[in-house]
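Read through the structure below, which is laid out as C-alpha cells, and then see the notes.
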Amino acid sequence: MNALPLVFADPDQILLYRQQGGDTRAITARQFMVDAEALAVDLTTGPGAQQFIINLCQDRYRFLVGFAATILAGKTNLLPSTFTGETLRQIFIDTPDALCLHDHDDWPFPYPHFSLAHLSLARLSLANRCHREPSPDGLGESGQIKPEHVVAQVFTSGSTGLPMPHNKTWGKLVRNVEAALQQLGISSPVSLVGTVPPQHMFGFESLVLLCLIGRCPLWSGKPFYPADIVAALDAMPEPRMLVTTPFHLQALLDAQIALPRIDRLLLATAPLSVELAERAECVTGAPLYEIYGSTETGQIANRRPTQSTAWTLFPGITLTKAHPDENDELYIANGEHIEAPVMLSDRIHLRADGQFDLLGRVADQVNMAGKRSSLNYLTAQIKAIDGITDGVFFLPEPKKNQAGKNRAGKDQVITRLCAVVVAPGLNAADILAALRDRLDPVFLPRPLILVESLPYNATGKLPQIALQAILDQHLAALAPKDQTSWRIPADHPVFAGHFPGHPLVPGALLLDWVVERVAAYWQVSSLGLRIEQAKFAHPVLPDARVTLDLQAEADRCRFTLKVHTGETNPVAVSGMLGRQPNDAAGDTESKRA
C-alpha cells in the first residue's frame with residue numbers, strides 16, 4: 001500500500017477552533033502542519049531524541065500537534081488514558097527511554113519531559129525554519145505516512161487491572177475511521193466537541209482521528225462541566241456532534257440549561273440506559289448513537305439504542321466462536337482495522353442476521369455460594385433504590401502472598417462483594433433493607449460504603465484500583481490499629497449479611513485481623529504471610545471483645561484469639577502463620593505480644 005496522508009483535509013480547510021482570550025480562532029490544516037513540522041524538528045534534534053513520546057497534552061490542539069510531530073519525526077506516541085504518577089512509573093519501567101510531552105505549568109515527576117504549555121504554536125515554526133531530511137523510516141515527503149508505521153501505543157483504561165499498551169498502525173487507523181464514517185452516515189464534515197480525553201481509545205478515534213482523517217473540525221478545549229460543554233458547542237459552526245460519555249451526558253441534562261443545536265450525539269466507554277438515551281434525544285432533538293469496541297480492537301460496531309438493542313458490526317469485521325464445541329458465548333473479533341484477532345471481553349449472542357447482543361462482561365459474572373449473577377445487574381438494582389443517586393458493586397482484589405496463593409496456601413480465594421454508594425439522607429441499614437427485597441442474601445455487599453461521590457476518571461469509568469482504594473481506606477478505619485484487643489461493634493457492616501437474624505463475626509474477618517497484627521509485629525507486608533493452620537472453637541457475637549496472643553519465632557507465629565464473655569474467656573480461634581524466610585521487609589526479635 002502506498003503512503004497515506006497524515007491530514008486528509010485540504011490545506012486551507014479549517015481543522016480546529018481554539019479559544020484565545022475572548023475570541024475563537026480558526027486554524028487551517030496548512031497552519032497545523034507548519035506547527036507539527038516545527039515541533040518534529042525539536043523532537044528529532046533537541047531533547048526529544050527518544051523513540052517513544054508520551055503525549056499527555058490536555059489541550060486538543062497541542063495534543064494533535066504533538067501527535068503529528070511525533071509521527072513526522074519517525075517516532076511512536078504512547079497514549080495512557082490516565083495521567084498519574086503510578087501510570088508513568090509503569091510506562092518508564094517498560095520504556096525507560098521515553099519522553100513526556102505535556103502542556104502543564106509545572107512538572108512534579110522525575111521523568112524527562114518537554115512542555116508545550118508556553119509555546120505559541122501558531123508561530124512555533126518561525127523560530128525553527130530548517131530543512132529536515134527524510135527520516136530513516138522512509139516516511140517519504142512531509143505529511144505522507146507509511147501504512148505499517150506504528151504511530152501509537154494506546155493503553156487500556158485500567159478499569160479491570162493494570163493498563164496495557166496496544167500497537168496502532170496508520171494504515172489500520174485510516175481504515176478504522178473510513179469504516180466509522182460509512183457506518184455512522186457522516187458524508188461531510190461535522191464540528192466535533194468532546195468531553196473524552198484524546199488519549200483514550202474512544203476520544204482518539206472519535207475526536208483526533210475524525211479530525212485528521214475525517215476532515216471534521218475539532219474544538220481544542222477540554223470541556224467538562226455542563227456550562228463548558230454549552231460554550232464549546234456554541235463556538236462551533238453547525239452541524240455539530242457531541243462526543244461524550246453517559247456520565248457527562250447525564251450531568252449535562254440534569255443541569256437543565258439551554259443547549260445550542262446538536263445534530264448528533266456519539267457515546268461510548270460505559271453502559272448506557274435506554275431511559276437516558278430517550279431523554280437525551282427528546283431534549284436535544286439529535287439522534288444518539290453508541291459505539292462498541294475496545295482498546296485492543298478499536299471501534300467495531302454501533303447502534304442507536306432508542307431503536308434497537310442489537311449492535312451492527314462495521315464493514316469487514318467478523319465474529320467467530322472462540323470454542324466452537326462449547327456454548328460459552330465467547331467470540332473472537334477479526335478483520336479490517338483490527339491489528340490481530342482479539343478475544344472479546346464481553347459475552348455475545350450472535351443473531352442470524354449478523355447483528356449481536358451483549359450479555360455482560362466475562363469478568364462481570366459473579367458466583368456466590370453456587371448462585372450466579374452479574375455486577376451490572378447488581379449495580380442496576382442498587383441504583384434503582386429511591387434516594388440513591390449513584391452506586392456500584394465490585395469484587396475486591398483477593399489478597400495473595402508472593403507465591404500467588406491465598407493465605408491458606410490454596411489457589412482459590414473467597415472474595416466478598418462490595419458496594420460503594422452515593423445516597424444523601426440514607427444510611428447503610430436503610431439501603432441493605434431495600435436490597436434484601438431485591439437480591440438473594442448471598443449477593444448483599446460486605447461491606448456497603450457510603451461516599452460523597454464515585455471516583456470516575458476522565459472517561460466516565462470507575463477504575464478497579466480507585467474502588468479498591470476506597471475499600472482499603474474503609475477497612476483501615478474499622479480495624480484496630482496498634483492494640484491486640486478489639487471490640488467488634490454491633491453496627492459493623494459485616495453483620496448485615498452474616499447472618500440476618502443471627503449475626504456472627506465471620507471467621508475470615510478474625511483471620512484478616514490476625515494477619516494484619518502479625519504483619520505489623522514483624523514489620524512486613526501482610527501479602528507475604530500464609531495461614532498454615534487455623535482451628536475455630538467458639539463463635540464470636542456482636543459487641544464481643546477479643547484479645548490476641550502471639551508467640552513468634554523467626555518465620556512462624558502461633559496465635560490464640562480469645563473472646564471475653566464476662567465469665568470465661570474461651571478460645572475462639574487458634575493456629576499458625578508463616579512467612580518467607582528472611583523477609584526483605586525486615587525482621588525483629590521474637591517476643592510475646
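Scheme for the C-alpha cells: letters A, B, ... for chains in order shown; per-chain residue numbers from 1; ligand numbers from 1 in order shown.
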
As an MDAnalysis selection string, please: all residues of segment 141-218 of chain A that backbone DSSP puts in alpha helix (DSSP H).
chainID A and resid 170:184 201:203 210:212

Taking N, CA and C atoms for each residue, export the selection above as a PDB file, in the first residue's frame.
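Final output, selection27.pdb:
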```pdb
ATOM      1  N   TRP A 170      -0.766   3.245  11.145  1.00  0.00           N
ATOM      2  CA  TRP A 170      -1.513   4.304  10.472  1.00  0.00           C
ATOM      3  C   TRP A 170      -2.487   3.749   9.424  1.00  0.00           C
ATOM      4  N   GLY A 171      -2.073   2.734   8.692  1.00  0.00           N
ATOM      5  CA  GLY A 171      -2.958   2.166   7.682  1.00  0.00           C
ATOM      6  C   GLY A 171      -4.230   1.597   8.281  1.00  0.00           C
ATOM      7  N   LYS A 172      -4.106   0.880   9.388  1.00  0.00           N
ATOM      8  CA  LYS A 172      -5.286   0.305  10.052  1.00  0.00           C
ATOM      9  C   LYS A 172      -6.174   1.399  10.637  1.00  0.00           C
ATOM     10  N   LEU A 173      -5.574   2.455  11.176  1.00  0.00           N
ATOM     11  CA  LEU A 173      -6.370   3.545  11.745  1.00  0.00           C
ATOM     12  C   LEU A 173      -7.158   4.267  10.658  1.00  0.00           C
ATOM     13  N   VAL A 174      -6.557   4.436   9.493  1.00  0.00           N
ATOM     14  CA  VAL A 174      -7.284   5.077   8.384  1.00  0.00           C
ATOM     15  C   VAL A 174      -8.488   4.227   7.996  1.00  0.00           C
ATOM     16  N   ARG A 175      -8.298   2.923   7.890  1.00  0.00           N
ATOM     17  CA  ARG A 175      -9.424   2.041   7.556  1.00  0.00           C
ATOM     18  C   ARG A 175     -10.481   2.069   8.657  1.00  0.00           C
ATOM     19  N   ASN A 176     -10.041   2.173   9.897  1.00  0.00           N
ATOM     20  CA  ASN A 176     -10.949   2.282  11.042  1.00  0.00           C
ATOM     21  C   ASN A 176     -11.886   3.472  10.868  1.00  0.00           C
ATOM     22  N   VAL A 177     -11.322   4.649  10.624  1.00  0.00           N
ATOM     23  CA  VAL A 177     -12.129   5.864  10.533  1.00  0.00           C
ATOM     24  C   VAL A 177     -13.006   5.853   9.286  1.00  0.00           C
ATOM     25  N   GLU A 178     -12.489   5.350   8.183  1.00  0.00           N
ATOM     26  CA  GLU A 178     -13.300   5.268   6.964  1.00  0.00           C
ATOM     27  C   GLU A 178     -14.521   4.384   7.182  1.00  0.00           C
ATOM     28  N   ALA A 179     -14.349   3.290   7.924  1.00  0.00           N
ATOM     29  CA  ALA A 179     -15.482   2.418   8.236  1.00  0.00           C
ATOM     30  C   ALA A 179     -16.473   3.114   9.157  1.00  0.00           C
ATOM     31  N   ALA A 180     -15.961   3.879  10.124  1.00  0.00           N
ATOM     32  CA  ALA A 180     -16.841   4.595  11.051  1.00  0.00           C
ATOM     33  C   ALA A 180     -17.662   5.652  10.321  1.00  0.00           C
ATOM     34  N   LEU A 181     -17.037   6.383   9.414  1.00  0.00           N
ATOM     35  CA  LEU A 181     -17.760   7.399   8.646  1.00  0.00           C
ATOM     36  C   LEU A 181     -18.891   6.767   7.843  1.00  0.00           C
ATOM     37  N   GLN A 182     -18.607   5.618   7.246  1.00  0.00           N
ATOM     38  CA  GLN A 182     -19.636   4.910   6.479  1.00  0.00           C
ATOM     39  C   GLN A 182     -20.746   4.398   7.385  1.00  0.00           C
ATOM     40  N   GLN A 183     -20.357   3.804   8.515  1.00  0.00           N
ATOM     41  CA  GLN A 183     -21.341   3.206   9.415  1.00  0.00           C
ATOM     42  C   GLN A 183     -22.243   4.257  10.038  1.00  0.00           C
ATOM     43  N   LEU A 184     -21.677   5.408  10.384  1.00  0.00           N
ATOM     44  CA  LEU A 184     -22.443   6.465  11.047  1.00  0.00           C
ATOM     45  C   LEU A 184     -23.136   7.396  10.048  1.00  0.00           C
ATOM     46  N   MET A 201      -9.070   5.529  23.888  1.00  0.00           N
ATOM     47  CA  MET A 201      -9.328   4.994  22.549  1.00  0.00           C
ATOM     48  C   MET A 201     -10.562   5.620  21.917  1.00  0.00           C
ATOM     49  N   PHE A 202     -11.629   5.831  22.679  1.00  0.00           N
ATOM     50  CA  PHE A 202     -12.842   6.442  22.138  1.00  0.00           C
ATOM     51  C   PHE A 202     -12.576   7.883  21.704  1.00  0.00           C
ATOM     52  N   GLY A 203     -11.905   8.654  22.556  1.00  0.00           N
ATOM     53  CA  GLY A 203     -11.564  10.017  22.193  1.00  0.00           C
ATOM     54  C   GLY A 203     -10.557  10.061  21.061  1.00  0.00           C
ATOM     55  N   LEU A 210     -11.075  11.429  13.670  1.00  0.00           N
ATOM     56  CA  LEU A 210     -12.129  12.023  12.838  1.00  0.00           C
ATOM     57  C   LEU A 210     -11.718  13.400  12.345  1.00  0.00           C
ATOM     58  N   CYS A 211     -10.906  14.099  13.115  1.00  0.00           N
ATOM     59  CA  CYS A 211     -10.386  15.396  12.694  1.00  0.00           C
ATOM     60  C   CYS A 211      -9.339  15.222  11.595  1.00  0.00           C
ATOM     61  N   LEU A 212      -8.325  14.397  11.821  1.00  0.00           N
ATOM     62  CA  LEU A 212      -7.235  14.245  10.865  1.00  0.00           C
ATOM     63  C   LEU A 212      -7.645  13.508   9.598  1.00  0.00           C
TER      64      LEU A 212
END
```

Would you pick out the contacts of Phe499 of chain A at 12 Å or less, using only C-alpha atoms, so that residues sharing its chain but fewer than 3 positions from it are not included, and give the list as a ChimeraX atom specification?
/A:441-442,444,446,493-496,502-506,541-542

Would you work out the distance separating atom CA of Ile449 of chain A from atom CA of Tyr377 of chain A, expressed in Å to one decimal?
18.5 Å

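Take the candidates A:Arg62, A:Asp390, A:Val193, A:Thr44 and check each one against Val230 of chain A using only C-alpha atoms; the shortest distance goes to A:Val193.
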